[in-house]
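> Take a look at the following structure, please.
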Amino acid sequence: MISHEITLRSAESTDLERLLTFAYDSPGAPQWTRQTWQRVLGSAGSRAQRFILVAESAGEFVGFGVLGLAGDTAELESLAVRTAWRRRGIARRLCHELFAWARTRGISQISLEVRVSNVAAHALYKSLGFQVAGLRRAYYRDPEEDALVMTRALQQSS
C-alpha cells in the first residue's frame, strides 16, 4: 500500500456532497439532513458554534470530526475515519485540532457520547483524557444501544 500524507483542514461549503456521502457511509456518524450540513458549513468564521474538520489523503476524504459549542463547554458530536485508514492516528489528530480550536474560544470542558459497544473509541477517548461521567439508556437507534457519556477538562494554553 502506498503511504499518502494526511492533511487536515476546515470543511468548506464545497465539501457538502462529500460530507453527506461520507457521513451516510459511516456507521455512527450524524445522519444530518442536507439543510443541517449546509447551515453548519455556512456558519464558518470566528463566531461559529460548530467546527467541522476533514482529513484528506490525495484528495480523498479519510475522516472528519465535528465539535459543537454551548457556552463554555463543547461536545464532540462526531468523529469518523474510513475503515481502511484506521489505526494511523487520524482520529487522534482530528481531536487534537478540534480541541485546539475550542481552546481559542475559551472552552473549559468537552463531552461526548459513545456507543457502549465501541471499545476502540473508548480506548481512544480514555487515552485523550476523557473519563466516564454517566450512561444514557437507549440513546442510539439502529440498533438501539446505550451511550457512555464521557468528559474531560480542556486546559487553556499559557
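FYI, nothing fancy with the C-alpha cells labels: chains A, B, ... in order, residues from 1 per chain, ligands from 1 as they appear.
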Name the residues of range 22-135 of chain A that fall into strand (DSSP E) according to DSSP on the backbone, using the chain letters and numbers of this document, as a PyMOL selection string.

chain A and resi 50-57+60-70+73-81+109-115+131-135

> Generate a file of the selected residues that holds N, CA and C atoms, formatted as a compact mmCIF listing (two decimals), in the first residue's frame.


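Final file, part.txt:
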# COMPACT_ATOMS: atom_id res chain seq x y z
N ARG A 50 -20.19 25.60 15.54
CA ARG A 50 -19.74 24.25 15.19
C ARG A 50 -18.53 24.37 14.29
N PHE A 51 -17.66 23.39 14.42
CA PHE A 51 -16.45 23.35 13.60
C PHE A 51 -16.34 21.95 13.03
N ILE A 52 -16.20 21.87 11.71
CA ILE A 52 -16.02 20.58 11.03
C ILE A 52 -14.61 20.57 10.45
N LEU A 53 -13.89 19.55 10.80
CA LEU A 53 -12.53 19.36 10.32
C LEU A 53 -12.49 18.09 9.50
N VAL A 54 -11.89 18.16 8.31
CA VAL A 54 -11.78 16.97 7.48
C VAL A 54 -10.32 16.55 7.36
N ALA A 55 -10.12 15.24 7.23
CA ALA A 55 -8.80 14.65 6.98
C ALA A 55 -8.83 14.13 5.55
N GLU A 56 -7.81 14.47 4.78
CA GLU A 56 -7.74 14.04 3.39
C GLU A 56 -6.38 13.42 3.09
N SER A 57 -6.40 12.55 2.11
CA SER A 57 -5.18 11.99 1.56
C SER A 57 -5.35 11.92 0.05
N GLU A 60 -8.80 12.50 -1.23
CA GLU A 60 -9.87 11.63 -0.75
C GLU A 60 -10.16 11.94 0.71
N PHE A 61 -11.44 12.08 1.05
CA PHE A 61 -11.83 12.21 2.46
C PHE A 61 -11.53 10.89 3.15
N VAL A 62 -10.75 10.94 4.24
CA VAL A 62 -10.47 9.73 5.00
C VAL A 62 -11.01 9.83 6.42
N GLY A 63 -11.46 11.02 6.82
CA GLY A 63 -12.03 11.19 8.14
C GLY A 63 -12.57 12.58 8.32
N PHE A 64 -13.38 12.74 9.38
CA PHE A 64 -13.85 14.07 9.75
C PHE A 64 -14.25 14.08 11.21
N GLY A 65 -14.29 15.27 11.78
CA GLY A 65 -14.73 15.46 13.15
C GLY A 65 -15.59 16.71 13.23
N VAL A 66 -16.58 16.67 14.12
CA VAL A 66 -17.47 17.81 14.33
C VAL A 66 -17.49 18.14 15.81
N LEU A 67 -17.23 19.41 16.13
CA LEU A 67 -17.26 19.88 17.51
C LEU A 67 -18.26 21.02 17.59
N GLY A 68 -19.19 20.92 18.54
CA GLY A 68 -20.19 21.97 18.73
C GLY A 68 -19.96 22.68 20.05
N LEU A 69 -20.26 23.97 20.11
CA LEU A 69 -20.07 24.78 21.30
C LEU A 69 -21.41 25.11 21.95
N ALA A 70 -21.39 25.18 23.28
CA ALA A 70 -22.55 25.62 24.05
C ALA A 70 -22.01 26.29 25.32
N THR A 73 -18.62 25.16 27.22
CA THR A 73 -18.36 23.74 27.01
C THR A 73 -18.51 23.41 25.52
N ALA A 74 -17.98 22.25 25.17
CA ALA A 74 -18.08 21.78 23.78
C ALA A 74 -18.49 20.32 23.80
N GLU A 75 -19.07 19.89 22.69
CA GLU A 75 -19.41 18.48 22.53
C GLU A 75 -18.76 17.96 21.26
N LEU A 76 -18.03 16.87 21.39
CA LEU A 76 -17.52 16.18 20.22
C LEU A 76 -18.70 15.42 19.65
N GLU A 77 -19.32 15.99 18.61
CA GLU A 77 -20.56 15.46 18.06
C GLU A 77 -20.33 14.27 17.15
N SER A 78 -19.21 14.24 16.48
CA SER A 78 -18.93 13.12 15.58
C SER A 78 -17.45 13.04 15.30
N LEU A 79 -16.99 11.81 15.16
CA LEU A 79 -15.61 11.53 14.77
C LEU A 79 -15.66 10.25 13.96
N ALA A 80 -15.25 10.34 12.70
CA ALA A 80 -15.33 9.17 11.82
C ALA A 80 -14.08 9.09 10.96
N VAL A 81 -13.56 7.87 10.81
CA VAL A 81 -12.40 7.60 9.94
C VAL A 81 -12.75 6.37 9.11
N GLN A 109 -14.45 22.63 28.98
CA GLN A 109 -14.76 21.21 29.10
C GLN A 109 -15.35 20.69 27.79
N ILE A 110 -15.01 19.43 27.50
CA ILE A 110 -15.54 18.76 26.31
C ILE A 110 -16.24 17.49 26.76
N SER A 111 -17.39 17.20 26.14
CA SER A 111 -18.11 15.97 26.43
C SER A 111 -18.40 15.25 25.11
N LEU A 112 -18.81 14.01 25.24
CA LEU A 112 -19.19 13.21 24.07
C LEU A 112 -20.04 12.05 24.54
N GLU A 113 -20.75 11.46 23.58
CA GLU A 113 -21.46 10.20 23.80
C GLU A 113 -20.85 9.18 22.86
N VAL A 114 -20.73 7.95 23.34
CA VAL A 114 -20.17 6.88 22.53
C VAL A 114 -20.92 5.59 22.84
N ARG A 115 -21.16 4.80 21.80
CA ARG A 115 -21.85 3.52 22.00
C ARG A 115 -21.09 2.67 23.01
N GLN A 131 -13.05 10.79 30.78
CA GLN A 131 -13.48 9.87 31.82
C GLN A 131 -14.98 9.65 31.68
N VAL A 132 -15.43 8.48 32.05
CA VAL A 132 -16.86 8.18 32.00
C VAL A 132 -17.57 9.01 33.07
N ALA A 133 -18.61 9.73 32.62
CA ALA A 133 -19.37 10.59 33.52
C ALA A 133 -20.80 10.12 33.71
N GLY A 134 -21.25 9.18 32.87
CA GLY A 134 -22.62 8.72 33.01
C GLY A 134 -23.01 7.78 31.90
N LEU A 135 -24.28 7.41 31.90
CA LEU A 135 -24.83 6.49 30.92
C LEU A 135 -26.16 7.04 30.44

> Enter the distance from CA of His122 in chain A to CA of Thr151 in chain A, in Å, rounded to one decimal.

11.7 Å

> In Å, how far is it from CA of Ser117 in chain A to CA of Glu144 in chain A?

11.2 Å

> When you draw a straight line from CA of Leu41 in chain A to CA of Ser10 in chain A, how long is it in Å?

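Separation of CA of Leu41 in chain A and CA of Ser10 in chain A: 9.5 Å.
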
> So that I can check the surroundings of Ser108 in chain A, please list as a list in words every protein, DNA and RNA residue that reaches within 9 Å of it, counting only C-alpha atoms and ignoring chain neighbours fewer than 6 positions away.

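Result of the neighbour search: Asp72, Thr73, Ala74, Ala102, Arg152, Ala153, Leu154, Gln155 and Gln156 of chain A.
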
> When distances are computed from only C-alpha atoms, which of A:Val116, A:Phe22, A:Arg87, A:Arg93 shows the smallest separation from Asp146 in chain A?

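Of the candidates, the smallest distance to Asp146 in chain A is held by A:Val116.
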
> Excluding range 34-37 of chain A and residues on its chain fewer than 5 positions from it, collect all residues at most 12 Å away from it, counting only C-alpha atoms, and give them as a PDB file with all heavy atoms, in the first residue's frame.


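File out.pdb, as written:
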ATOM      1  N   ALA A  11     -13.667  22.215   6.978  1.00  0.00           N
ATOM      2  CA  ALA A  11     -14.608  21.898   5.906  1.00  0.00           C
ATOM      3  C   ALA A  11     -15.140  23.194   5.310  1.00  0.00           C
ATOM      4  O   ALA A  11     -15.268  24.215   5.999  1.00  0.00           O
ATOM      5  CB  ALA A  11     -15.753  21.055   6.449  1.00  0.00           C
ATOM      6  N   GLU A  12     -15.435  23.142   4.025  1.00  0.00           N
ATOM      7  CA  GLU A  12     -15.955  24.301   3.296  1.00  0.00           C
ATOM      8  C   GLU A  12     -17.294  23.931   2.674  1.00  0.00           C
ATOM      9  O   GLU A  12     -17.634  22.750   2.545  1.00  0.00           O
ATOM     10  CB  GLU A  12     -14.971  24.699   2.196  1.00  0.00           C
ATOM     11  CG  GLU A  12     -13.603  25.043   2.733  1.00  0.00           C
ATOM     12  CD  GLU A  12     -12.554  25.171   1.640  1.00  0.00           C
ATOM     13  OE1 GLU A  12     -12.845  24.830   0.471  1.00  0.00           O
ATOM     14  OE2 GLU A  12     -11.444  25.600   1.963  1.00  0.00           O
ATOM     15  N   SER A  13     -18.044  24.926   2.248  1.00  0.00           N
ATOM     16  CA  SER A  13     -19.358  24.669   1.654  1.00  0.00           C
ATOM     17  C   SER A  13     -19.249  23.771   0.423  1.00  0.00           C
ATOM     18  O   SER A  13     -20.161  22.995   0.142  1.00  0.00           O
ATOM     19  CB  SER A  13     -20.063  25.974   1.310  1.00  0.00           C
ATOM     20  OG  SER A  13     -19.284  26.739   0.423  1.00  0.00           O
ATOM     21  N   THR A  14     -18.126  23.823  -0.279  1.00  0.00           N
ATOM     22  CA  THR A  14     -17.945  22.973  -1.462  1.00  0.00           C
ATOM     23  C   THR A  14     -17.757  21.494  -1.093  1.00  0.00           C
ATOM     24  O   THR A  14     -17.789  20.636  -1.973  1.00  0.00           O
ATOM     25  CB  THR A  14     -16.731  23.442  -2.290  1.00  0.00           C
ATOM     26  OG1 THR A  14     -15.578  23.455  -1.438  1.00  0.00           O
ATOM     27  CG2 THR A  14     -16.964  24.830  -2.867  1.00  0.00           C
ATOM     28  N   ASP A  15     -17.603  21.191   0.189  1.00  0.00           N
ATOM     29  CA  ASP A  15     -17.444  19.810   0.662  1.00  0.00           C
ATOM     30  C   ASP A  15     -18.776  19.129   0.958  1.00  0.00           C
ATOM     31  O   ASP A  15     -18.795  17.971   1.367  1.00  0.00           O
ATOM     32  CB  ASP A  15     -16.589  19.773   1.938  1.00  0.00           C
ATOM     33  CG  ASP A  15     -15.163  20.216   1.709  1.00  0.00           C
ATOM     34  OD1 ASP A  15     -14.607  19.880   0.646  1.00  0.00           O
ATOM     35  OD2 ASP A  15     -14.615  20.906   2.599  1.00  0.00           O
ATOM     36  N   LEU A  16     -19.878  19.832   0.758  1.00  0.00           N
ATOM     37  CA  LEU A  16     -21.188  19.322   1.156  1.00  0.00           C
ATOM     38  C   LEU A  16     -21.466  17.912   0.652  1.00  0.00           C
ATOM     39  O   LEU A  16     -21.792  17.020   1.439  1.00  0.00           O
ATOM     40  CB  LEU A  16     -22.299  20.269   0.698  1.00  0.00           C
ATOM     41  CG  LEU A  16     -23.721  19.790   0.983  1.00  0.00           C
ATOM     42  CD1 LEU A  16     -23.963  19.650   2.484  1.00  0.00           C
ATOM     43  CD2 LEU A  16     -24.737  20.721   0.342  1.00  0.00           C
ATOM     44  N   GLU A  17     -21.353  17.678  -0.650  1.00  0.00           N
ATOM     45  CA  GLU A  17     -21.700  16.365  -1.201  1.00  0.00           C
ATOM     46  C   GLU A  17     -20.799  15.267  -0.638  1.00  0.00           C
ATOM     47  O   GLU A  17     -21.279  14.181  -0.304  1.00  0.00           O
ATOM     48  CB  GLU A  17     -21.628  16.378  -2.729  1.00  0.00           C
ATOM     49  CG  GLU A  17     -22.668  17.271  -3.380  1.00  0.00           C
ATOM     50  CD  GLU A  17     -24.100  16.934  -2.987  1.00  0.00           C
ATOM     51  OE1 GLU A  17     -24.424  15.730  -2.842  1.00  0.00           O
ATOM     52  OE2 GLU A  17     -24.893  17.879  -2.807  1.00  0.00           O
ATOM     53  N   ARG A  18     -19.510  15.545  -0.523  1.00  0.00           N
ATOM     54  CA  ARG A  18     -18.601  14.525   0.006  1.00  0.00           C
ATOM     55  C   ARG A  18     -18.876  14.243   1.478  1.00  0.00           C
ATOM     56  O   ARG A  18     -18.804  13.096   1.918  1.00  0.00           O
ATOM     57  CB  ARG A  18     -17.142  14.930  -0.212  1.00  0.00           C
ATOM     58  CG  ARG A  18     -16.788  14.958  -1.693  1.00  0.00           C
ATOM     59  CD  ARG A  18     -15.322  14.985  -1.990  1.00  0.00           C
ATOM     60  NE  ARG A  18     -14.599  16.070  -1.351  1.00  0.00           N
ATOM     61  CZ  ARG A  18     -13.271  16.115  -1.277  1.00  0.00           C
ATOM     62  NH1 ARG A  18     -12.532  15.150  -1.791  1.00  0.00           N
ATOM     63  NH2 ARG A  18     -12.672  17.129  -0.704  1.00  0.00           N
ATOM     64  N   LEU A  19     -19.226  15.282   2.258  1.00  0.00           N
ATOM     65  CA  LEU A  19     -19.571  15.059   3.663  1.00  0.00           C
ATOM     66  C   LEU A  19     -20.852  14.252   3.797  1.00  0.00           C
ATOM     67  O   LEU A  19     -20.939  13.351   4.641  1.00  0.00           O
ATOM     68  CB  LEU A  19     -19.707  16.393   4.402  1.00  0.00           C
ATOM     69  CG  LEU A  19     -18.400  17.020   4.854  1.00  0.00           C
ATOM     70  CD1 LEU A  19     -18.613  18.469   5.276  1.00  0.00           C
ATOM     71  CD2 LEU A  19     -17.771  16.217   5.976  1.00  0.00           C
ATOM     72  N   LEU A  20     -21.857  14.575   2.996  1.00  0.00           N
ATOM     73  CA  LEU A  20     -23.104  13.814   3.028  1.00  0.00           C
ATOM     74  C   LEU A  20     -22.845  12.335   2.742  1.00  0.00           C
ATOM     75  O   LEU A  20     -23.341  11.459   3.462  1.00  0.00           O
ATOM     76  CB  LEU A  20     -24.097  14.369   2.002  1.00  0.00           C
ATOM     77  CG  LEU A  20     -24.845  15.629   2.398  1.00  0.00           C
ATOM     78  CD1 LEU A  20     -25.521  16.249   1.179  1.00  0.00           C
ATOM     79  CD2 LEU A  20     -25.864  15.318   3.477  1.00  0.00           C
ATOM     80  N   THR A  21     -22.082  12.051   1.705  1.00  0.00           N
ATOM     81  CA  THR A  21     -21.776  10.670   1.327  1.00  0.00           C
ATOM     82  C   THR A  21     -20.958   9.973   2.408  1.00  0.00           C
ATOM     83  O   THR A  21     -21.256   8.849   2.807  1.00  0.00           O
ATOM     84  CB  THR A  21     -21.024  10.633  -0.016  1.00  0.00           C
ATOM     85  OG1 THR A  21     -21.850  11.238  -1.005  1.00  0.00           O
ATOM     86  CG2 THR A  21     -20.682   9.211  -0.427  1.00  0.00           C
ATOM     87  N   ALA A  23     -20.671  10.713   5.647  1.00  0.00           N
ATOM     88  CA  ALA A  23     -21.458  10.502   6.861  1.00  0.00           C
ATOM     89  C   ALA A  23     -22.450   9.360   6.672  1.00  0.00           C
ATOM     90  O   ALA A  23     -22.629   8.522   7.566  1.00  0.00           O
ATOM     91  CB  ALA A  23     -22.180  11.782   7.253  1.00  0.00           C
ATOM     92  N   TYR A  24     -23.087   9.313   5.505  1.00  0.00           N
ATOM     93  CA  TYR A  24     -24.056   8.255   5.224  1.00  0.00           C
ATOM     94  C   TYR A  24     -23.392   6.875   5.253  1.00  0.00           C
ATOM     95  O   TYR A  24     -23.974   5.906   5.726  1.00  0.00           O
ATOM     96  CB  TYR A  24     -24.713   8.492   3.863  1.00  0.00           C
ATOM     97  CG  TYR A  24     -25.730   7.442   3.503  1.00  0.00           C
ATOM     98  CD1 TYR A  24     -27.002   7.453   4.070  1.00  0.00           C
ATOM     99  CD2 TYR A  24     -25.418   6.415   2.616  1.00  0.00           C
ATOM    100  CE1 TYR A  24     -27.935   6.481   3.762  1.00  0.00           C
ATOM    101  CE2 TYR A  24     -26.346   5.438   2.297  1.00  0.00           C
ATOM    102  CZ  TYR A  24     -27.603   5.476   2.871  1.00  0.00           C
ATOM    103  OH  TYR A  24     -28.511   4.504   2.565  1.00  0.00           O
ATOM    104  N   GLY A  42     -22.138  26.748   6.356  1.00  0.00           N
ATOM    105  CA  GLY A  42     -22.283  28.171   6.053  1.00  0.00           C
ATOM    106  C   GLY A  42     -22.027  29.082   7.229  1.00  0.00           C
ATOM    107  O   GLY A  42     -21.976  30.302   7.081  1.00  0.00           O
ATOM    108  N   SER A  43     -21.860  28.510   8.422  1.00  0.00           N
ATOM    109  CA  SER A  43     -21.671  29.338   9.618  1.00  0.00           C
ATOM    110  C   SER A  43     -20.211  29.440  10.032  1.00  0.00           C
ATOM    111  O   SER A  43     -19.921  29.726  11.189  1.00  0.00           O
ATOM    112  CB  SER A  43     -22.507  28.773  10.773  1.00  0.00           C
ATOM    113  OG  SER A  43     -21.969  27.532  11.193  1.00  0.00           O
ATOM    114  N   ALA A  44     -19.314  29.217   9.105  1.00  0.00           N
ATOM    115  CA  ALA A  44     -17.885  29.291   9.432  1.00  0.00           C
ATOM    116  C   ALA A  44     -17.521  30.718   9.832  1.00  0.00           C
ATOM    117  O   ALA A  44     -18.210  31.670   9.517  1.00  0.00           O
ATOM    118  CB  ALA A  44     -17.055  28.842   8.241  1.00  0.00           C
ATOM    119  N   ARG A  50     -20.186  25.601  15.535  1.00  0.00           N
ATOM    120  CA  ARG A  50     -19.737  24.253  15.193  1.00  0.00           C
ATOM    121  C   ARG A  50     -18.527  24.373  14.288  1.00  0.00           C
ATOM    122  O   ARG A  50     -18.426  25.293  13.481  1.00  0.00           O
ATOM    123  CB  ARG A  50     -20.821  23.481  14.449  1.00  0.00           C
ATOM    124  CG  ARG A  50     -21.845  22.842  15.327  1.00  0.00           C
ATOM    125  CD  ARG A  50     -22.630  21.819  14.523  1.00  0.00           C
ATOM    126  NE  ARG A  50     -23.570  21.102  15.327  1.00  0.00           N
ATOM    127  CZ  ARG A  50     -24.885  21.113  15.131  1.00  0.00           C
ATOM    128  NH1 ARG A  50     -25.409  21.804  14.142  1.00  0.00           N
ATOM    129  NH2 ARG A  50     -25.661  20.412  15.910  1.00  0.00           N
ATOM    130  N   PHE A  51     -17.659  23.385  14.420  1.00  0.00           N
ATOM    131  CA  PHE A  51     -16.450  23.350  13.600  1.00  0.00           C
ATOM    132  C   PHE A  51     -16.336  21.951  13.025  1.00  0.00           C
ATOM    133  O   PHE A  51     -16.399  20.969  13.759  1.00  0.00           O
ATOM    134  CB  PHE A  51     -15.237  23.687  14.471  1.00  0.00           C
ATOM    135  CG  PHE A  51     -13.934  23.702  13.740  1.00  0.00           C
ATOM    136  CD1 PHE A  51     -13.753  24.441  12.578  1.00  0.00           C
ATOM    137  CD2 PHE A  51     -12.860  22.989  14.231  1.00  0.00           C
ATOM    138  CE1 PHE A  51     -12.537  24.465  11.918  1.00  0.00           C
ATOM    139  CE2 PHE A  51     -11.633  23.003  13.582  1.00  0.00           C
ATOM    140  CZ  PHE A  51     -11.476  23.747  12.429  1.00  0.00           C
ATOM    141  N   ILE A  52     -16.202  21.871  11.708  1.00  0.00           N
ATOM    142  CA  ILE A  52     -16.023  20.580  11.032  1.00  0.00           C
ATOM    143  C   ILE A  52     -14.615  20.567  10.447  1.00  0.00           C
ATOM    144  O   ILE A  52     -14.231  21.459   9.695  1.00  0.00           O
ATOM    145  CB  ILE A  52     -17.044  20.376   9.899  1.00  0.00           C
ATOM    146  CG1 ILE A  52     -18.464  20.466  10.437  1.00  0.00           C
ATOM    147  CG2 ILE A  52     -16.811  19.019   9.231  1.00  0.00           C
ATOM    148  CD1 ILE A  52     -19.534  20.416   9.361  1.00  0.00           C
ATOM    149  N   VAL A  66     -16.580  16.672  14.123  1.00  0.00           N
ATOM    150  CA  VAL A  66     -17.474  17.810  14.326  1.00  0.00           C
ATOM    151  C   VAL A  66     -17.487  18.142  15.809  1.00  0.00           C
ATOM    152  O   VAL A  66     -17.721  17.258  16.644  1.00  0.00           O
ATOM    153  CB  VAL A  66     -18.914  17.502  13.868  1.00  0.00           C
ATOM    154  CG1 VAL A  66     -19.812  18.721  14.068  1.00  0.00           C
ATOM    155  CG2 VAL A  66     -18.946  17.032  12.424  1.00  0.00           C
TER     156      VAL A  66
END

> Could you write out, as an MDAnalysis selection string, all the residues of range 8-112 of chain A that DSSP marks as alpha helix (DSSP H)?

chainID A and resid 16:25 34:42 90:103
